[in-house]
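Source file: start33.txt; contents: compact mmCIF, N, CA and C atoms.
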# COMPACT_ATOMS: atom_id res chain seq x y z
N MET A 16 -89.88 -8.03 141.78
CA MET A 16 -90.04 -9.43 141.45
C MET A 16 -89.31 -10.26 142.50
N LYS A 17 -89.91 -11.37 142.86
CA LYS A 17 -89.37 -12.23 143.90
C LYS A 17 -88.17 -13.04 143.40
N GLU A 18 -87.07 -12.95 144.15
CA GLU A 18 -85.88 -13.74 143.86
C GLU A 18 -86.10 -15.17 144.32
N THR A 19 -85.72 -16.13 143.47
CA THR A 19 -85.90 -17.54 143.83
C THR A 19 -84.60 -18.28 144.11
N ASN A 20 -83.47 -17.74 143.66
CA ASN A 20 -82.17 -18.36 143.91
C ASN A 20 -81.08 -17.36 143.53
N SER A 21 -79.87 -17.55 144.10
CA SER A 21 -78.77 -16.65 143.77
C SER A 21 -77.43 -17.34 143.99
N ILE A 22 -76.41 -16.80 143.30
CA ILE A 22 -75.03 -17.27 143.49
C ILE A 22 -74.10 -16.06 143.48
N LYS A 23 -72.91 -16.26 144.06
CA LYS A 23 -71.84 -15.27 143.97
C LYS A 23 -70.53 -16.05 143.90
N VAL A 24 -69.73 -15.73 142.88
CA VAL A 24 -68.45 -16.40 142.66
C VAL A 24 -67.40 -15.32 142.43
N GLU A 25 -66.20 -15.53 142.97
CA GLU A 25 -65.10 -14.60 142.74
C GLU A 25 -63.91 -15.38 142.19
N PHE A 26 -63.23 -14.78 141.22
CA PHE A 26 -62.08 -15.45 140.62
C PHE A 26 -61.09 -14.40 140.12
N LEU A 27 -59.88 -14.85 139.82
CA LEU A 27 -58.84 -13.97 139.30
C LEU A 27 -59.04 -13.71 137.81
N SER A 28 -58.49 -12.62 137.35
CA SER A 28 -58.64 -12.20 135.95
C SER A 28 -57.68 -12.95 135.02
N LYS A 29 -57.66 -14.25 135.15
CA LYS A 29 -56.87 -15.11 134.25
C LYS A 29 -57.76 -15.52 133.10
N SER A 30 -57.18 -15.60 131.91
CA SER A 30 -57.99 -15.94 130.73
C SER A 30 -58.66 -17.30 130.87
N ALA A 31 -58.04 -18.23 131.58
CA ALA A 31 -58.64 -19.55 131.79
C ALA A 31 -59.96 -19.46 132.55
N ASN A 32 -60.14 -18.41 133.33
CA ASN A 32 -61.37 -18.28 134.12
C ASN A 32 -62.56 -17.77 133.31
N GLU A 33 -62.32 -17.32 132.08
CA GLU A 33 -63.43 -16.93 131.21
C GLU A 33 -64.31 -18.14 130.93
N SER A 34 -63.71 -19.28 130.63
CA SER A 34 -64.52 -20.49 130.36
C SER A 34 -65.17 -20.99 131.65
N PHE A 35 -64.51 -20.81 132.79
CA PHE A 35 -65.11 -21.17 134.07
C PHE A 35 -66.39 -20.36 134.30
N ALA A 36 -66.34 -19.06 134.03
CA ALA A 36 -67.51 -18.20 134.22
C ALA A 36 -68.65 -18.63 133.31
N ARG A 37 -68.32 -18.97 132.06
CA ARG A 37 -69.35 -19.44 131.10
C ARG A 37 -70.03 -20.71 131.63
N GLY A 38 -69.23 -21.65 132.08
CA GLY A 38 -69.77 -22.89 132.61
C GLY A 38 -70.59 -22.69 133.87
N CYS A 39 -70.12 -21.82 134.72
CA CYS A 39 -70.81 -21.52 135.97
C CYS A 39 -72.20 -20.94 135.69
N ILE A 40 -72.27 -19.95 134.82
CA ILE A 40 -73.56 -19.32 134.54
C ILE A 40 -74.48 -20.28 133.80
N ALA A 41 -73.93 -21.11 132.94
CA ALA A 41 -74.75 -22.09 132.22
C ALA A 41 -75.37 -23.08 133.20
N SER A 42 -74.59 -23.55 134.15
CA SER A 42 -75.10 -24.49 135.14
C SER A 42 -76.18 -23.86 136.00
N PHE A 43 -75.97 -22.63 136.41
CA PHE A 43 -76.94 -21.94 137.25
C PHE A 43 -78.22 -21.64 136.47
N ALA A 44 -78.09 -21.14 135.25
CA ALA A 44 -79.25 -20.76 134.44
C ALA A 44 -80.06 -21.97 133.99
N ALA A 45 -79.48 -23.15 134.01
CA ALA A 45 -80.19 -24.36 133.57
C ALA A 45 -81.47 -24.59 134.36
N GLN A 46 -81.56 -24.02 135.56
CA GLN A 46 -82.77 -24.15 136.38
C GLN A 46 -83.99 -23.54 135.70
N LEU A 47 -83.76 -22.61 134.78
CA LEU A 47 -84.86 -21.95 134.06
C LEU A 47 -85.28 -22.72 132.81
N ASP A 48 -84.61 -23.83 132.54
CA ASP A 48 -84.89 -24.67 131.38
C ASP A 48 -84.80 -23.90 130.06
N PRO A 49 -83.70 -23.17 129.85
CA PRO A 49 -83.56 -22.44 128.59
C PRO A 49 -83.29 -23.40 127.44
N THR A 50 -83.55 -22.92 126.23
CA THR A 50 -83.17 -23.69 125.05
C THR A 50 -81.65 -23.64 124.92
N LEU A 51 -81.09 -24.48 124.07
CA LEU A 51 -79.64 -24.44 123.86
C LEU A 51 -79.21 -23.08 123.28
N ASP A 52 -80.02 -22.51 122.39
CA ASP A 52 -79.70 -21.20 121.84
C ASP A 52 -79.70 -20.13 122.92
N GLU A 53 -80.70 -20.16 123.80
CA GLU A 53 -80.75 -19.18 124.90
C GLU A 53 -79.55 -19.35 125.82
N LEU A 54 -79.20 -20.58 126.12
CA LEU A 54 -78.05 -20.86 126.97
C LEU A 54 -76.76 -20.35 126.33
N ASN A 55 -76.61 -20.57 125.03
CA ASN A 55 -75.43 -20.07 124.32
C ASN A 55 -75.39 -18.54 124.33
N ASP A 56 -76.54 -17.90 124.22
CA ASP A 56 -76.59 -16.43 124.27
C ASP A 56 -76.06 -15.90 125.59
N ILE A 57 -76.52 -16.47 126.70
CA ILE A 57 -76.06 -15.93 127.99
C ILE A 57 -74.60 -16.29 128.24
N LYS A 58 -74.17 -17.45 127.80
CA LYS A 58 -72.76 -17.81 127.93
C LYS A 58 -71.89 -16.83 127.15
N THR A 59 -72.33 -16.45 125.95
CA THR A 59 -71.57 -15.50 125.13
C THR A 59 -71.52 -14.13 125.80
N ALA A 60 -72.65 -13.67 126.33
CA ALA A 60 -72.68 -12.37 127.01
C ALA A 60 -71.75 -12.36 128.21
N VAL A 61 -71.76 -13.43 129.00
CA VAL A 61 -70.86 -13.52 130.16
C VAL A 61 -69.41 -13.57 129.71
N SER A 62 -69.15 -14.31 128.66
CA SER A 62 -67.79 -14.39 128.12
C SER A 62 -67.27 -13.01 127.72
N GLU A 63 -68.10 -12.23 127.06
CA GLU A 63 -67.70 -10.87 126.65
C GLU A 63 -67.44 -9.99 127.86
N ALA A 64 -68.30 -10.06 128.86
CA ALA A 64 -68.14 -9.23 130.06
C ALA A 64 -66.86 -9.60 130.82
N VAL A 65 -66.62 -10.89 130.99
CA VAL A 65 -65.42 -11.33 131.71
C VAL A 65 -64.16 -11.01 130.91
N THR A 66 -64.21 -11.20 129.61
CA THR A 66 -63.06 -10.87 128.76
C THR A 66 -62.74 -9.38 128.85
N ASN A 67 -63.77 -8.53 128.88
CA ASN A 67 -63.53 -7.09 129.07
C ASN A 67 -62.78 -6.82 130.36
N CYS A 68 -63.16 -7.50 131.43
CA CYS A 68 -62.45 -7.33 132.71
C CYS A 68 -60.99 -7.73 132.58
N ILE A 69 -60.76 -8.88 131.97
CA ILE A 69 -59.39 -9.39 131.85
C ILE A 69 -58.53 -8.46 131.00
N VAL A 70 -59.06 -8.04 129.86
CA VAL A 70 -58.27 -7.26 128.89
C VAL A 70 -58.17 -5.79 129.27
N HIS A 71 -59.28 -5.19 129.71
CA HIS A 71 -59.31 -3.74 129.90
C HIS A 71 -59.15 -3.29 131.35
N ALA A 72 -59.72 -4.03 132.29
CA ALA A 72 -59.65 -3.60 133.70
C ALA A 72 -58.28 -3.90 134.30
N TYR A 73 -57.70 -5.01 133.89
CA TYR A 73 -56.42 -5.45 134.44
C TYR A 73 -55.43 -5.76 133.33
N PRO A 74 -55.04 -4.79 132.51
CA PRO A 74 -54.20 -5.09 131.35
C PRO A 74 -52.81 -5.62 131.69
N ASP A 75 -52.27 -5.22 132.83
CA ASP A 75 -50.89 -5.59 133.17
C ASP A 75 -50.77 -6.31 134.51
N THR A 76 -51.89 -6.73 135.07
CA THR A 76 -51.86 -7.35 136.39
C THR A 76 -53.04 -8.28 136.55
N LEU A 77 -53.02 -9.09 137.57
CA LEU A 77 -54.17 -9.92 137.91
C LEU A 77 -55.02 -9.17 138.94
N GLY A 78 -56.31 -9.32 138.83
CA GLY A 78 -57.22 -8.70 139.78
C GLY A 78 -58.43 -9.57 140.00
N ARG A 79 -59.32 -9.10 140.86
CA ARG A 79 -60.52 -9.85 141.20
C ARG A 79 -61.68 -9.53 140.25
N ILE A 80 -62.44 -10.56 139.94
CA ILE A 80 -63.69 -10.42 139.19
C ILE A 80 -64.76 -11.15 139.99
N THR A 81 -65.91 -10.52 140.14
CA THR A 81 -67.03 -11.21 140.78
C THR A 81 -68.13 -11.43 139.76
N LEU A 82 -68.76 -12.57 139.87
CA LEU A 82 -69.94 -12.91 139.06
C LEU A 82 -71.05 -13.21 140.06
N LYS A 83 -72.11 -12.45 139.97
CA LYS A 83 -73.30 -12.70 140.78
C LYS A 83 -74.45 -12.96 139.83
N SER A 84 -75.34 -13.82 140.25
CA SER A 84 -76.51 -14.07 139.42
C SER A 84 -77.70 -14.38 140.32
N ARG A 85 -78.86 -13.92 139.85
CA ARG A 85 -80.11 -14.18 140.57
C ARG A 85 -81.17 -14.66 139.59
N LEU A 86 -81.98 -15.59 140.06
CA LEU A 86 -83.15 -16.06 139.32
C LEU A 86 -84.37 -15.43 139.95
N PHE A 87 -85.37 -15.13 139.11
CA PHE A 87 -86.59 -14.50 139.60
C PHE A 87 -87.81 -15.33 139.20
N ALA A 88 -88.90 -15.12 139.92
CA ALA A 88 -90.13 -15.87 139.72
C ALA A 88 -90.73 -15.67 138.33
N ASP A 89 -90.40 -14.58 137.65
CA ASP A 89 -90.93 -14.36 136.29
C ASP A 89 -90.10 -15.06 135.22
N ASN A 90 -89.27 -16.02 135.65
CA ASN A 90 -88.41 -16.80 134.74
C ASN A 90 -87.32 -15.94 134.11
N SER A 91 -86.82 -14.97 134.88
CA SER A 91 -85.73 -14.13 134.38
C SER A 91 -84.47 -14.37 135.18
N LEU A 92 -83.38 -13.98 134.56
CA LEU A 92 -82.03 -14.16 135.08
C LEU A 92 -81.33 -12.81 135.07
N GLU A 93 -80.73 -12.46 136.19
CA GLU A 93 -79.89 -11.27 136.26
C GLU A 93 -78.45 -11.72 136.49
N ILE A 94 -77.54 -11.12 135.74
CA ILE A 94 -76.11 -11.44 135.85
C ILE A 94 -75.37 -10.14 136.11
N VAL A 95 -74.51 -10.14 137.13
CA VAL A 95 -73.71 -8.96 137.44
C VAL A 95 -72.24 -9.37 137.42
N ILE A 96 -71.46 -8.75 136.54
CA ILE A 96 -70.02 -8.98 136.45
C ILE A 96 -69.34 -7.70 136.93
N ARG A 97 -68.44 -7.83 137.91
CA ARG A 97 -67.79 -6.64 138.47
C ARG A 97 -66.28 -6.86 138.56
N ASP A 98 -65.56 -5.80 138.20
CA ASP A 98 -64.11 -5.80 138.42
C ASP A 98 -63.77 -4.60 139.30
N PHE A 99 -62.55 -4.58 139.76
CA PHE A 99 -62.07 -3.51 140.63
C PHE A 99 -60.83 -2.86 140.03
N GLY A 100 -60.84 -2.79 138.69
CA GLY A 100 -59.67 -2.35 137.94
C GLY A 100 -59.70 -0.89 137.54
N LEU A 101 -59.25 -0.65 136.31
CA LEU A 101 -59.02 0.71 135.82
C LEU A 101 -60.28 1.55 135.68
N GLY A 102 -61.41 0.92 135.41
CA GLY A 102 -62.64 1.67 135.17
C GLY A 102 -62.69 2.21 133.76
N ILE A 103 -63.82 2.81 133.42
CA ILE A 103 -64.05 3.34 132.07
C ILE A 103 -64.26 4.84 132.18
N GLU A 104 -63.47 5.59 131.44
CA GLU A 104 -63.58 7.06 131.45
C GLU A 104 -64.89 7.53 130.80
N ASP A 105 -65.25 6.96 129.66
CA ASP A 105 -66.41 7.41 128.89
C ASP A 105 -67.22 6.18 128.48
N ILE A 106 -68.26 5.87 129.25
CA ILE A 106 -69.06 4.67 129.01
C ILE A 106 -69.76 4.71 127.66
N ASP A 107 -70.31 5.87 127.29
CA ASP A 107 -70.98 5.97 125.98
C ASP A 107 -70.02 5.64 124.84
N ARG A 108 -68.83 6.15 124.92
CA ARG A 108 -67.83 5.87 123.87
C ARG A 108 -67.44 4.39 123.89
N ALA A 109 -67.26 3.83 125.09
CA ALA A 109 -66.89 2.42 125.22
C ALA A 109 -67.97 1.50 124.66
N ARG A 110 -69.22 1.92 124.70
CA ARG A 110 -70.33 1.11 124.18
C ARG A 110 -70.54 1.28 122.69
N THR A 111 -69.78 2.15 122.07
CA THR A 111 -69.87 2.36 120.63
C THR A 111 -69.25 1.17 119.89
N PRO A 112 -69.99 0.57 118.94
CA PRO A 112 -69.42 -0.55 118.19
C PRO A 112 -68.10 -0.17 117.53
N MET A 113 -67.15 -1.09 117.61
CA MET A 113 -65.83 -0.99 117.00
C MET A 113 -64.84 -0.15 117.83
N PHE A 114 -65.28 0.44 118.96
CA PHE A 114 -64.35 1.18 119.80
C PHE A 114 -63.68 0.20 120.76
N THR A 115 -62.36 0.28 120.86
CA THR A 115 -61.63 -0.56 121.80
C THR A 115 -60.38 0.16 122.29
N THR A 116 -60.00 -0.20 123.50
CA THR A 116 -58.71 0.26 124.04
C THR A 116 -57.75 -0.92 124.14
N GLY A 117 -58.15 -2.05 123.54
CA GLY A 117 -57.38 -3.28 123.67
C GLY A 117 -56.43 -3.59 122.55
N GLY A 118 -56.21 -2.68 121.61
CA GLY A 118 -55.27 -2.94 120.53
C GLY A 118 -55.95 -3.51 119.29
N ASP A 119 -55.16 -3.73 118.27
CA ASP A 119 -55.67 -4.16 116.96
C ASP A 119 -56.34 -5.53 116.99
N GLU A 120 -55.96 -6.38 117.94
CA GLU A 120 -56.54 -7.72 117.97
C GLU A 120 -57.93 -7.76 118.58
N ARG A 121 -58.42 -6.66 119.14
CA ARG A 121 -59.74 -6.58 119.76
C ARG A 121 -60.74 -5.99 118.76
N SER A 122 -61.97 -6.50 118.77
CA SER A 122 -62.97 -6.06 117.79
C SER A 122 -63.75 -4.82 118.24
N GLY A 123 -63.81 -4.57 119.54
CA GLY A 123 -64.60 -3.44 120.02
C GLY A 123 -66.09 -3.70 119.98
N MET A 124 -66.48 -4.97 120.00
CA MET A 124 -67.90 -5.33 119.89
C MET A 124 -68.46 -5.95 121.17
N GLY A 125 -67.69 -5.97 122.25
CA GLY A 125 -68.12 -6.64 123.48
C GLY A 125 -69.46 -6.17 124.01
N PHE A 126 -69.62 -4.87 124.24
CA PHE A 126 -70.88 -4.36 124.77
C PHE A 126 -72.02 -4.56 123.78
N THR A 127 -71.75 -4.41 122.49
CA THR A 127 -72.77 -4.60 121.46
C THR A 127 -73.27 -6.05 121.48
N ILE A 128 -72.36 -6.99 121.62
CA ILE A 128 -72.72 -8.41 121.68
C ILE A 128 -73.55 -8.68 122.93
N MET A 129 -73.10 -8.16 124.08
CA MET A 129 -73.86 -8.35 125.32
C MET A 129 -75.28 -7.83 125.17
N GLU A 130 -75.38 -6.63 124.62
CA GLU A 130 -76.69 -6.00 124.45
C GLU A 130 -77.59 -6.79 123.50
N SER A 131 -77.00 -7.37 122.47
CA SER A 131 -77.81 -8.11 121.50
C SER A 131 -78.36 -9.41 122.06
N PHE A 132 -77.68 -10.01 123.04
CA PHE A 132 -78.10 -11.29 123.59
C PHE A 132 -78.94 -11.17 124.87
N MET A 133 -78.99 -9.99 125.45
CA MET A 133 -79.72 -9.80 126.70
C MET A 133 -80.87 -8.82 126.49
N ASP A 134 -81.86 -8.86 127.38
CA ASP A 134 -82.98 -7.91 127.30
C ASP A 134 -82.57 -6.53 127.81
N LYS A 135 -81.73 -6.51 128.83
CA LYS A 135 -81.27 -5.24 129.42
C LYS A 135 -79.79 -5.32 129.71
N LEU A 136 -79.10 -4.20 129.52
CA LEU A 136 -77.68 -4.09 129.82
C LEU A 136 -77.44 -2.74 130.46
N ARG A 137 -76.81 -2.75 131.62
CA ARG A 137 -76.44 -1.51 132.30
C ARG A 137 -74.95 -1.57 132.64
N VAL A 138 -74.25 -0.47 132.38
CA VAL A 138 -72.82 -0.40 132.67
C VAL A 138 -72.58 0.78 133.59
N ARG A 139 -71.94 0.52 134.71
CA ARG A 139 -71.55 1.58 135.64
C ARG A 139 -70.06 1.45 135.89
N SER A 140 -69.38 2.59 135.96
CA SER A 140 -67.94 2.55 136.13
C SER A 140 -67.45 3.81 136.82
N VAL A 141 -66.41 3.63 137.62
CA VAL A 141 -65.72 4.75 138.26
C VAL A 141 -64.24 4.58 137.92
N PRO A 142 -63.66 5.53 137.17
CA PRO A 142 -62.24 5.41 136.84
C PRO A 142 -61.39 5.18 138.09
N GLY A 143 -60.53 4.18 137.99
CA GLY A 143 -59.65 3.83 139.09
C GLY A 143 -60.27 2.92 140.13
N ARG A 144 -61.58 2.64 140.01
CA ARG A 144 -62.25 1.82 141.02
C ARG A 144 -62.97 0.61 140.43
N GLY A 145 -63.15 0.59 139.11
CA GLY A 145 -63.74 -0.59 138.51
C GLY A 145 -65.04 -0.36 137.77
N THR A 146 -65.55 -1.45 137.23
CA THR A 146 -66.74 -1.43 136.37
C THR A 146 -67.68 -2.55 136.79
N THR A 147 -68.97 -2.24 136.72
CA THR A 147 -70.02 -3.24 136.98
C THR A 147 -70.94 -3.30 135.78
N VAL A 148 -71.10 -4.49 135.23
CA VAL A 148 -72.00 -4.74 134.11
C VAL A 148 -73.15 -5.59 134.63
N THR A 149 -74.37 -5.09 134.48
CA THR A 149 -75.56 -5.82 134.89
C THR A 149 -76.38 -6.16 133.66
N MET A 150 -76.68 -7.44 133.51
CA MET A 150 -77.43 -7.93 132.35
C MET A 150 -78.66 -8.69 132.85
N ARG A 151 -79.71 -8.59 132.10
CA ARG A 151 -80.94 -9.30 132.47
C ARG A 151 -81.57 -9.93 131.23
N ARG A 152 -82.11 -11.13 131.42
CA ARG A 152 -82.78 -11.84 130.32
C ARG A 152 -83.94 -12.63 130.90
N ARG A 153 -85.08 -12.51 130.24
CA ARG A 153 -86.25 -13.28 130.62
C ARG A 153 -86.43 -14.41 129.61
N PHE A 154 -86.76 -15.58 130.12
CA PHE A 154 -86.94 -16.75 129.28
C PHE A 154 -88.41 -17.11 129.20
N SER A 155 -88.84 -17.57 128.04
CA SER A 155 -90.22 -18.00 127.87
C SER A 155 -90.44 -19.30 128.63
N LEU A 156 -91.62 -19.43 129.18
CA LEU A 156 -91.98 -20.69 129.81
C LEU A 156 -92.23 -21.72 128.72
N ARG A 157 -91.68 -22.91 128.91
CA ARG A 157 -91.90 -23.98 127.95
C ARG A 157 -93.00 -24.89 128.48
N LEU A 158 -93.55 -25.71 127.63
CA LEU A 158 -94.62 -26.62 128.05
C LEU A 158 -94.19 -27.41 129.28
N GLY A 159 -95.08 -27.48 130.23
CA GLY A 159 -94.80 -28.25 131.45
C GLY A 159 -94.16 -27.42 132.55
N GLN A 160 -93.69 -26.18 132.27
CA GLN A 160 -93.09 -25.34 133.30
C GLN A 160 -94.17 -24.56 134.01
N LYS A 161 -93.95 -24.30 135.28
CA LYS A 161 -94.86 -23.46 136.06
C LYS A 161 -94.15 -22.25 136.55
Exercise: express the given structure as structure tokens:
Amino acid sequence: MKETNSIKVEFLSKSANESFARGCIASFAAQLDPTLDELNDIKTAVSEAVTNCIVHAYPDTLGRITLKSRLFADNSLEIVIRDFGLGIEDIDRARTPMFTTGGDERSGMGFTIMESFMDKLRVRSVPGRGTTVTMRRRFSLRLGQK
């Protein structure tokens, strides 16, 4: 599928940057004319992915997080969130609802939430080198869109 636009942003794993990432992806995705519900879905998925980086990849230090996004001619959006932190030992276990390594205050629902709001979710990780989460969502064309 033909790419029509792209962005790449890098920021530190500070909790304040979670809202920055949400706003950034919302502004970029607005080109696809999503509904408010669709926009909230992708903002929530990005929020979960970035929060995972902050809490799990860099539990005791600050590190880099990259957010890349591409728009495609079929009215779809790809979002890639990458950290360079601890990585995930067992991806299948980490994707299990209610599993967390973040303590009692974490719900363990991050990947489940991402998956529920996106059409596709892929997680790749190398322990000690980081994790990459790739999400994709296609939006319906609304009246007047080409």
**Answer as a PyMOL selection string, residues within 6 Å of (-61.0, 8.4, 135.6) using all atoms listed in the file** = chain A and resi 103-104+141-143
What lies within 6.5 Å of Leu86 of chain A using all atoms listed in the file, ignoring chain neighbours under 4 positions off, as a PDB file with N, CA and C atoms, in the frame of the given file?
ATOM      1  N   LYS A  17     -89.910 -11.370 142.860  1.00  0.00           N
ATOM      2  CA  LYS A  17     -89.370 -12.230 143.900  1.00  0.00           C
ATOM      3  C   LYS A  17     -88.170 -13.040 143.400  1.00  0.00           C
ATOM      4  N   GLU A  18     -87.070 -12.950 144.150  1.00  0.00           N
ATOM      5  CA  GLU A  18     -85.880 -13.740 143.860  1.00  0.00           C
ATOM      6  C   GLU A  18     -86.100 -15.170 144.320  1.00  0.00           C
ATOM      7  N   THR A  19     -85.720 -16.130 143.470  1.00  0.00           N
ATOM      8  CA  THR A  19     -85.900 -17.540 143.830  1.00  0.00           C
ATOM      9  C   THR A  19     -84.600 -18.280 144.110  1.00  0.00           C
ATOM     10  N   ASN A  20     -83.470 -17.740 143.660  1.00  0.00           N
ATOM     11  CA  ASN A  20     -82.170 -18.360 143.910  1.00  0.00           C
ATOM     12  C   ASN A  20     -81.080 -17.360 143.530  1.00  0.00           C
ATOM     13  N   SER A  21     -79.870 -17.550 144.100  1.00  0.00           N
ATOM     14  CA  SER A  21     -78.770 -16.650 143.770  1.00  0.00           C
ATOM     15  C   SER A  21     -77.430 -17.340 143.990  1.00  0.00           C
ATOM     16  N   SER A  91     -86.820 -14.970 134.880  1.00  0.00           N
ATOM     17  CA  SER A  91     -85.730 -14.130 134.380  1.00  0.00           C
ATOM     18  C   SER A  91     -84.470 -14.370 135.180  1.00  0.00           C
ATOM     19  N   LEU A  92     -83.380 -13.980 134.560  1.00  0.00           N
ATOM     20  CA  LEU A  92     -82.030 -14.160 135.080  1.00  0.00           C
ATOM     21  C   LEU A  92     -81.330 -12.810 135.070  1.00  0.00           C
ATOM     22  N   GLU A  93     -80.730 -12.460 136.190  1.00  0.00           N
ATOM     23  CA  GLU A  93     -79.890 -11.270 136.260  1.00  0.00           C
ATOM     24  C   GLU A  93     -78.450 -11.720 136.490  1.00  0.00           C
TER      25      GLU A  93
END
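For the atom pair formed by atom N of Glu63 of chain A and atom CA of Phe154 of chain A, the distance is 19.5 Å, given to one decimal.
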**Asked** Which parts of chain A does DSSP call alpha helix (DSSP H) when run on the backbone here, written out as a PyMOL selection string?
**Response** chain A and resi 31-44+51-67+106-109+125-132
**Request:** Report the distance between atom CA of Ser42 of chain A and atom N of Ala60 of chain A in Å, rounded to one decimal place.
**Result:** 14.2 Å
**Asked** By how many Å are atom CA of Arg137 of chain A and atom CA of Thr149 of chain A apart?
**Response** 5.1 Å
**Item:** From A:Lys23, A:Phe43, A:Phe99, A:Ser84, residue lying nearest Met150 of chain A [only C-alpha atoms]
**Value:**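 Answer, going by the shortest atom-to-atom distance: A:Ser84.
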